[in-house]
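In what follows, a single structure is set out as structure tokens and then discussed.
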There are 2 protein chains.
Amino acid sequence: MFDFKNSKTKAEALSMLLEKCLFNKRIEIIPISEAIYRIPAQNIYSCNTLPVHRVSMMDGIAVSSSFFKDGMPETSNWAAGKEYTRADTGDDFDDRYDAIIAIENVSFDERGKLKFKENLIVKEGVCVKKRGSTIKEGDCVLKAGIPIRPSDLAALAIGGITDIPVIKKPVVAFIPTGSELIAAGTTPQRGQNVDSNSIMAKHMILEMGAKPLCYSIVKDNPENIGITLEKALKEADIIIINGGSSKGGEDFTIKVLENKGEVLLHGVTAGPGRPMSLAIIEGKPVINLPGPALAAYYGLDWCIRGIVNQYLDLPMIKRQRVSAVLAEDMFCPKSISFLCKINVEKRSDGTYMATPVPFKASSIGMCLGTNGQFISEIGEGDYKKGDAIEIELLCSKEFINCYKHSL
Amino acid sequence: MFDFKNSKTKAEALSMLLEKCLFNKRIEIIPISEAIYRIPAQNIYSCNTLPVHRVSMMDGIAVSSSFFKDGMPETSNWAAGKEYTRADTGDDFDDRYDAIIAIENVSFDERGKLKFKENLIVKEGVCVKKRGSTIKEGDCVLKAGIPIRPSDLAALAIGGITDIPVIKKPVVAFIPTGSELIAAGTTPQRGQNVDSNSIMAKHMILEMGAKPLCYSIVKDNPENIGITLEKALKEADIIIINGGSSKGGEDFTIKVLENKGEVLLHGVTAGPGRPMSLAIIEGKPVINLPGPALAAYYGLDWCIRGIVNQYLDLPMIKRQRVSAVLAEDMFCPKSISFLCKINVEKRSDGTYMATPVPFKASSIGMCLGTNGQFISEIGEGDYKKGDAIEIELLCSKEFINCYKHSL
């Protein structure tokens with residue numbers, strides 16, 4: 001039976017769970033073409049030295065500085081390929097030459113004969129990019145532990161790196177349960193409900209940098225849940241059982257978890273989604289996430305993201321925030337950390353206004369579609385119209401007013 | 001020849017180009033399983049009404065309120081399936097019943113006979129979620145013009161939406177040119193350089209929400225460049241020719257562009273990458289992006305992103321910024337908007353320190369790998385150690401100090 005009194009906070013719940021997890025972290029070698037946003041397992045150093053020899057720093061001609069040691073030379077008999085050669089930005093040139101003269105300082109007469117501007121100073125190495133001045137073998141081209149960006153892929157390519165070791169993504173199993181559930185895209189009949197959490201969970205898990213493994217809907221009976229859980233324990237690192245988390249007559253999940261491993265807690269002081277339970281089975285975290293869409297969203301956001309971050313050794317990234325004034329009173333139960341869905345609007349004076357979208361009184365599309373959210377602190381309780389609160393944005397700031405007239 | 005004097009600013013260049021583009025914007029219908037981050041072409045409304053009939057709001061039993069109209073009934077003869085039935089959260093129940101009593105208020109004696117807590121108030125509709133209280137047919141589940149998030153996919157699924165119209169991604173062709181270039185992964189010989197821009201461009205274009213189409217390396221000759229450009233004009237909406245943008249002897253690109261369409265400008269007051277040129281051919285923007293990695297990066301970031309955003313009708317998203325104090329003097333040519341690569345460090349007092357990574361004096365891996373950048377305003381010129389500047393972050397704030405000891 002779900003235990004309201006001994007519920008843990010989000011932080012307590014996560015730390016209880018993470019303390020007992022035996023993560024099987026692995027490293028895999030992947031080609032750089034697949035490496036975007038992956039987490040490098042070690043610093044990576046260049047194999048290449050570039051330029052390999054030397055190149056021109058600009059569009060121009062290559063000459064030998066020895067001709068210029070007593071001032072500007074007589075060039076009426078100079079010929080391309082002999083006394084000089086064309087050498088544009090990035091071009092290597094013959095070892096006879098050791099300096100570059102910019103094309104702006106060169107002209108050719110009607111017979112094609114070269115002339116210089118007066119008083120050029122031409123010394124060995126002028127406008128020449130030396131060997132290794134772009135990159136040297138051994139230069140660091142990528143730092144461990146930080147998600148790989150497009151420009152990092154360029155650095156890896158320049159460094160001659162073809163494959164790199166990255167932290168293997170944890171596989172996160174998502175098991176939707178409920179005899180009333182039908183797959184998205186099917187028309188619901190009386191008594192049926194649509195599985196909308198699988199598609200959301202899949203993409204939230206991808207955003208976390210993990211690999212989702214979504215199972216088909218499992219009917220509410222302990223045998224079926226047990227069989228799918230066994231499968232998931234073989235295939236995944238983190239397991240989510242969605243639904244059947246409360247104390248309904250068909251909520252067998254907690255019993256299945258107790259049979260197979262250690263249930264650490266049943267009930268958190270965070271809602272919607274209080275009757276969440278956390279277990280460890282074969283060293284792996286198994287989370288029974290409540291079924292309602294907002295409860296599942298919230299649990300994925302704080303709990304599953306927290307576990308995946310720990311697996312990947314990533315810091316918890318905070319969303320962009322704006323300070324906004326409440327347009328209406330906002331209900332927040334005092335005893336829990338409550339997820340309030342909020343629509344933020346930027347006013348003409350540049351300040352932000354926050355309109356709560358209470359989930360019990362609103363269409364679910366409206367709730368899921370807000371551009372912001374507020375997570376209350378335990379003990380705070382309700383807020384009043386006019387109060388200033390910090391909103392977590394669920395879109396880039398620039399999109400805020402695009403949501404204004406919607407939903 | 002590249003025209004320094006008549007160079008345009010980034011804003012001027014973009015607006016000249018966008019004014020002349022004839023974008024062939026199209027809408028395509030895609031399944032919601034493919035719709036993450038896509039831009040909906042119209043508001044989407046629910047086809048479903050949920051609950052279809054009605055469901056219990058909590059774990060409990062369903063009863064008929066008529067038994068309670070004169071106070072608490074005698075229940076010693078009640079039987080499951082007759083006077084009451086089990087109805088847990090989300091369960092529909094038979095039409096004989098019209099109210100739910102929470103399981104906390106019910107107990108069963110040793111013979112399985114049901115007992116209520118005293119003085120319950122049981123009226124028609126108590127704890128019953130009515131038809132349509134989750135969502136009604138016609139409720140908005142998605143707003144046009146805003147990238148689709150995981151929670152939006154849940155709303156679409158609940159609304160019974162299987163396919164949605166989205167703006168077709170513009171195809172962005174990327175053509176690397178240069179006889180000195182070799183494909184990434186090949187060992188460079190004297191005179192050769194590695195094509196590192198293709199992999200960077202591909203992933204920057206993906207991040208913009210467009211579809212990259214990367215061609216093989218094209219040698220520096222007008223025929224080859226012309227043939228590939230013709231191909232790209234058939235296959236892409238936006239075309240990038242990378243390299244050969246200056247006035248080197250092998251820089252044919254500008255001539256090819258002039259032959260095929262209208263060159264709008266050659267030269268922008270933004271660097272690295274000043275000798276960029278912009279053309280319109282068959283109504284499509286063709287951008288000749290300079291070859292060096294940082295020049296290509298900068299041009300992709302301001303110019304190509306600007307064009308793609310216009311195509312997709314998206315606002316220009318600003319990166320997260322921090323104010324930081326310069327740890328060293330920073331060179332910034334006064335006449336252009338200069339990209340300064342910066343490593344930001346968060347100090348123990350919570351303030352940020354900015355160390356410039358000057359591209360002419362640094363390994364390219366170091367330049368490409370910074371966690372921040374600064375884009376100077378034209379006319380500003382150099383900055384001094386101790387100056388406070390606004391840094392654009394190239395990583396989440398939480399990662400800033402992960403870059404500290406690196407590269």
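Ligands are numbered from 1 in the order shown, chains are lettered A, B, ... in the order of the structure tokens, and residues start at 1 in each chain.
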
Item to check | Interface residues on chain B facing chain A, 6 Å, only C-alpha atoms, written as an MDAnalysis selection string | outcome: chainID B and resid 52:53 59 88 92 134:135 140:141 143 150:155 157:158 160 162 184:185 190:191 194 196 200 203:204 248 363:365 368:369 406:407

Can you write just those residues out, N, CA and C atoms, as an mmCIF file, in the first residue's frame?
```
data_model
loop_
_atom_site.group_PDB
_atom_site.id
_atom_site.type_symbol
_atom_site.label_atom_id
_atom_site.label_comp_id
_atom_site.auth_asym_id
_atom_site.auth_seq_id
_atom_site.Cartn_x
_atom_site.Cartn_y
_atom_site.Cartn_z
ATOM 1 N N VAL B 52 -13.738 8.423 -22.944
ATOM 2 C CA VAL B 52 -14.773 8.203 -23.962
ATOM 3 C C VAL B 52 -16.154 8.257 -23.299
ATOM 4 N N HIS B 53 -16.275 7.641 -22.126
ATOM 5 C CA HIS B 53 -17.549 7.683 -21.413
ATOM 6 C C HIS B 53 -17.348 8.417 -20.082
ATOM 7 N N ASP B 59 -8.495 5.218 -7.040
ATOM 8 C CA ASP B 59 -8.656 3.800 -6.747
ATOM 9 C C ASP B 59 -9.784 3.663 -5.735
ATOM 10 N N ASP B 88 -10.791 1.369 -10.253
ATOM 11 C CA ASP B 88 -9.565 2.091 -9.901
ATOM 12 C C ASP B 88 -9.351 3.277 -10.836
ATOM 13 N N ASP B 92 -13.287 2.651 -16.338
ATOM 14 C CA ASP B 92 -14.709 2.881 -16.608
ATOM 15 C C ASP B 92 -15.488 1.902 -15.710
ATOM 16 N N THR B 134 -10.594 14.950 -19.903
ATOM 17 C CA THR B 134 -9.154 14.940 -20.239
ATOM 18 C C THR B 134 -8.927 15.722 -21.535
ATOM 19 N N ILE B 135 -9.721 15.410 -22.527
ATOM 20 C CA ILE B 135 -9.610 16.129 -23.805
ATOM 21 C C ILE B 135 -10.918 15.970 -24.572
ATOM 22 N N CYS B 140 -7.294 22.148 -29.032
ATOM 23 C CA CYS B 140 -5.994 22.304 -29.695
ATOM 24 C C CYS B 140 -4.959 21.436 -28.979
ATOM 25 N N VAL B 141 -4.214 20.646 -29.737
ATOM 26 C CA VAL B 141 -3.145 19.828 -29.145
ATOM 27 C C VAL B 141 -1.760 20.250 -29.621
ATOM 28 N N LYS B 143 0.403 23.834 -31.580
ATOM 29 C CA LYS B 143 0.359 25.154 -32.195
ATOM 30 C C LYS B 143 1.300 25.195 -33.398
ATOM 31 N N PRO B 150 8.944 16.612 -27.004
ATOM 32 C CA PRO B 150 8.418 15.290 -26.618
ATOM 33 C C PRO B 150 7.011 15.362 -26.021
ATOM 34 N N SER B 151 6.747 16.348 -25.169
ATOM 35 C CA SER B 151 5.420 16.413 -24.547
ATOM 36 C C SER B 151 4.341 16.759 -25.572
ATOM 37 N N ASP B 152 4.711 17.459 -26.639
ATOM 38 C CA ASP B 152 3.747 17.734 -27.713
ATOM 39 C C ASP B 152 3.350 16.447 -28.429
ATOM 40 N N LEU B 153 4.307 15.518 -28.544
ATOM 41 C CA LEU B 153 3.996 14.235 -29.182
ATOM 42 C C LEU B 153 2.966 13.472 -28.351
ATOM 43 N N ALA B 154 3.080 13.583 -27.021
ATOM 44 C CA ALA B 154 2.085 12.947 -26.150
ATOM 45 C C ALA B 154 0.712 13.573 -26.394
ATOM 46 N N ALA B 155 0.669 14.894 -26.504
ATOM 47 C CA ALA B 155 -0.612 15.568 -26.739
ATOM 48 C C ALA B 155 -1.215 15.127 -28.073
ATOM 49 N N ALA B 157 -0.696 12.259 -29.576
ATOM 50 C CA ALA B 157 -1.147 10.868 -29.425
ATOM 51 C C ALA B 157 -2.487 10.821 -28.704
ATOM 52 N N ILE B 158 -2.603 11.577 -27.623
ATOM 53 C CA ILE B 158 -3.867 11.612 -26.880
ATOM 54 C C ILE B 158 -4.989 12.106 -27.795
ATOM 55 N N GLY B 160 -5.361 11.583 -30.800
ATOM 56 C CA GLY B 160 -5.674 10.640 -31.870
ATOM 57 C C GLY B 160 -5.089 11.038 -33.210
ATOM 58 N N THR B 162 -2.375 10.915 -36.043
ATOM 59 C CA THR B 162 -1.340 9.976 -36.488
ATOM 60 C C THR B 162 -0.327 10.643 -37.419
ATOM 61 N N ALA B 184 38.377 13.607 -44.865
ATOM 62 C CA ALA B 184 38.710 13.328 -43.468
ATOM 63 C C ALA B 184 38.981 11.842 -43.302
ATOM 64 N N GLY B 185 40.017 11.521 -42.541
ATOM 65 C CA GLY B 185 40.372 10.120 -42.326
ATOM 66 C C GLY B 185 41.526 9.665 -43.192
ATOM 67 N N ARG B 190 52.459 16.204 -48.047
ATOM 68 C CA ARG B 190 52.885 17.581 -48.262
ATOM 69 C C ARG B 190 51.973 18.269 -49.277
ATOM 70 N N GLY B 191 51.512 19.460 -48.961
ATOM 71 C CA GLY B 191 50.654 20.210 -49.868
ATOM 72 C C GLY B 191 49.179 19.886 -49.724
ATOM 73 N N VAL B 194 43.167 18.651 -44.893
ATOM 74 C CA VAL B 194 42.037 17.758 -44.606
ATOM 75 C C VAL B 194 40.718 18.534 -44.716
ATOM 76 N N SER B 196 37.751 19.313 -43.231
ATOM 77 C CA SER B 196 37.123 19.179 -41.903
ATOM 78 C C SER B 196 35.804 19.926 -41.850
ATOM 79 N N MET B 200 31.460 19.253 -40.068
ATOM 80 C CA MET B 200 30.947 20.334 -39.211
ATOM 81 C C MET B 200 29.688 20.927 -39.812
ATOM 82 N N HIS B 203 26.481 18.797 -39.477
ATOM 83 C CA HIS B 203 25.818 18.777 -38.173
ATOM 84 C C HIS B 203 25.309 20.152 -37.765
ATOM 85 N N MET B 204 25.944 21.215 -38.224
ATOM 86 C CA MET B 204 25.377 22.549 -37.969
ATOM 87 C C MET B 204 24.057 22.712 -38.731
ATOM 88 N N GLY B 248 42.569 34.090 -55.208
ATOM 89 C CA GLY B 248 43.688 33.247 -55.615
ATOM 90 C C GLY B 248 43.561 32.883 -57.084
ATOM 91 N N SER B 363 46.527 26.549 -31.862
ATOM 92 C CA SER B 363 46.182 25.301 -32.538
ATOM 93 C C SER B 363 44.700 25.362 -32.901
ATOM 94 N N ILE B 364 44.355 24.855 -34.090
ATOM 95 C CA ILE B 364 42.965 24.936 -34.543
ATOM 96 C C ILE B 364 42.039 24.127 -33.625
ATOM 97 N N GLY B 365 42.555 23.071 -33.022
ATOM 98 C CA GLY B 365 41.753 22.278 -32.088
ATOM 99 C C GLY B 365 41.326 23.126 -30.903
ATOM 100 N N LEU B 368 38.609 25.707 -32.195
ATOM 101 C CA LEU B 368 37.295 25.104 -32.445
ATOM 102 C C LEU B 368 36.669 24.604 -31.151
ATOM 103 N N GLY B 369 37.505 24.323 -30.152
ATOM 104 C CA GLY B 369 37.015 23.688 -28.943
ATOM 105 C C GLY B 369 36.630 24.629 -27.813
ATOM 106 N N SER B 406 41.507 21.953 -20.292
ATOM 107 C CA SER B 406 41.577 21.180 -21.521
ATOM 108 C C SER B 406 42.320 21.910 -22.613
ATOM 109 N N LEU B 407 42.487 21.243 -23.704
ATOM 110 C CA LEU B 407 42.901 21.802 -24.984
ATOM 111 C C LEU B 407 44.128 22.708 -24.858
#
```

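The protein and nucleic acid residues lying at most 8 Å from B:Ile164 are Ile29, Ile30, Pro31, Ile32, Ala35, Pro40 and Ile44 of chain B, with only C-alpha atoms considered and sequence neighbours fewer than 5 positions away removed.
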
Next on the checklist: When you look at stretch 8-18 of chain B with a cut-off of 12 Å (counting only C-alpha atoms), what residues show up, excluding the ones that are within fewer than 4 positions of it in the same chain? I need them as a PyMOL selection string.
Outcome noted: chain B and resi 3-4+22-23+238+262-271+273-281+283-287+298-311+335-338+375+377-379

Item to check | B:Val126 environment, 12 Å, only C-alpha atoms, sequence neighbours closer than 4 positions dropped, as a list in words | outcome: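 Near B:Val126, the qualifying residues are Arg54, Val55, Ser56, Met57, Met58, Gly60, Ile61, Ala62, Val63, Ser64, Ser65, Tyr97, Asp98, Ala99, Ile100, Ile101, Ala102, Leu120, Ile121, Val122 and Lys130 of chain B.
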
Item to check | DSSP-assigned strand (DSSP E) members of stretch 50-194 of chain A, reported as a PyMOL selection string | outcome: chain A and resi 54-56+60-63+85-87+99-102+106-108+114-116+128-130+140-142+163-167+171-176+181-183+193-194
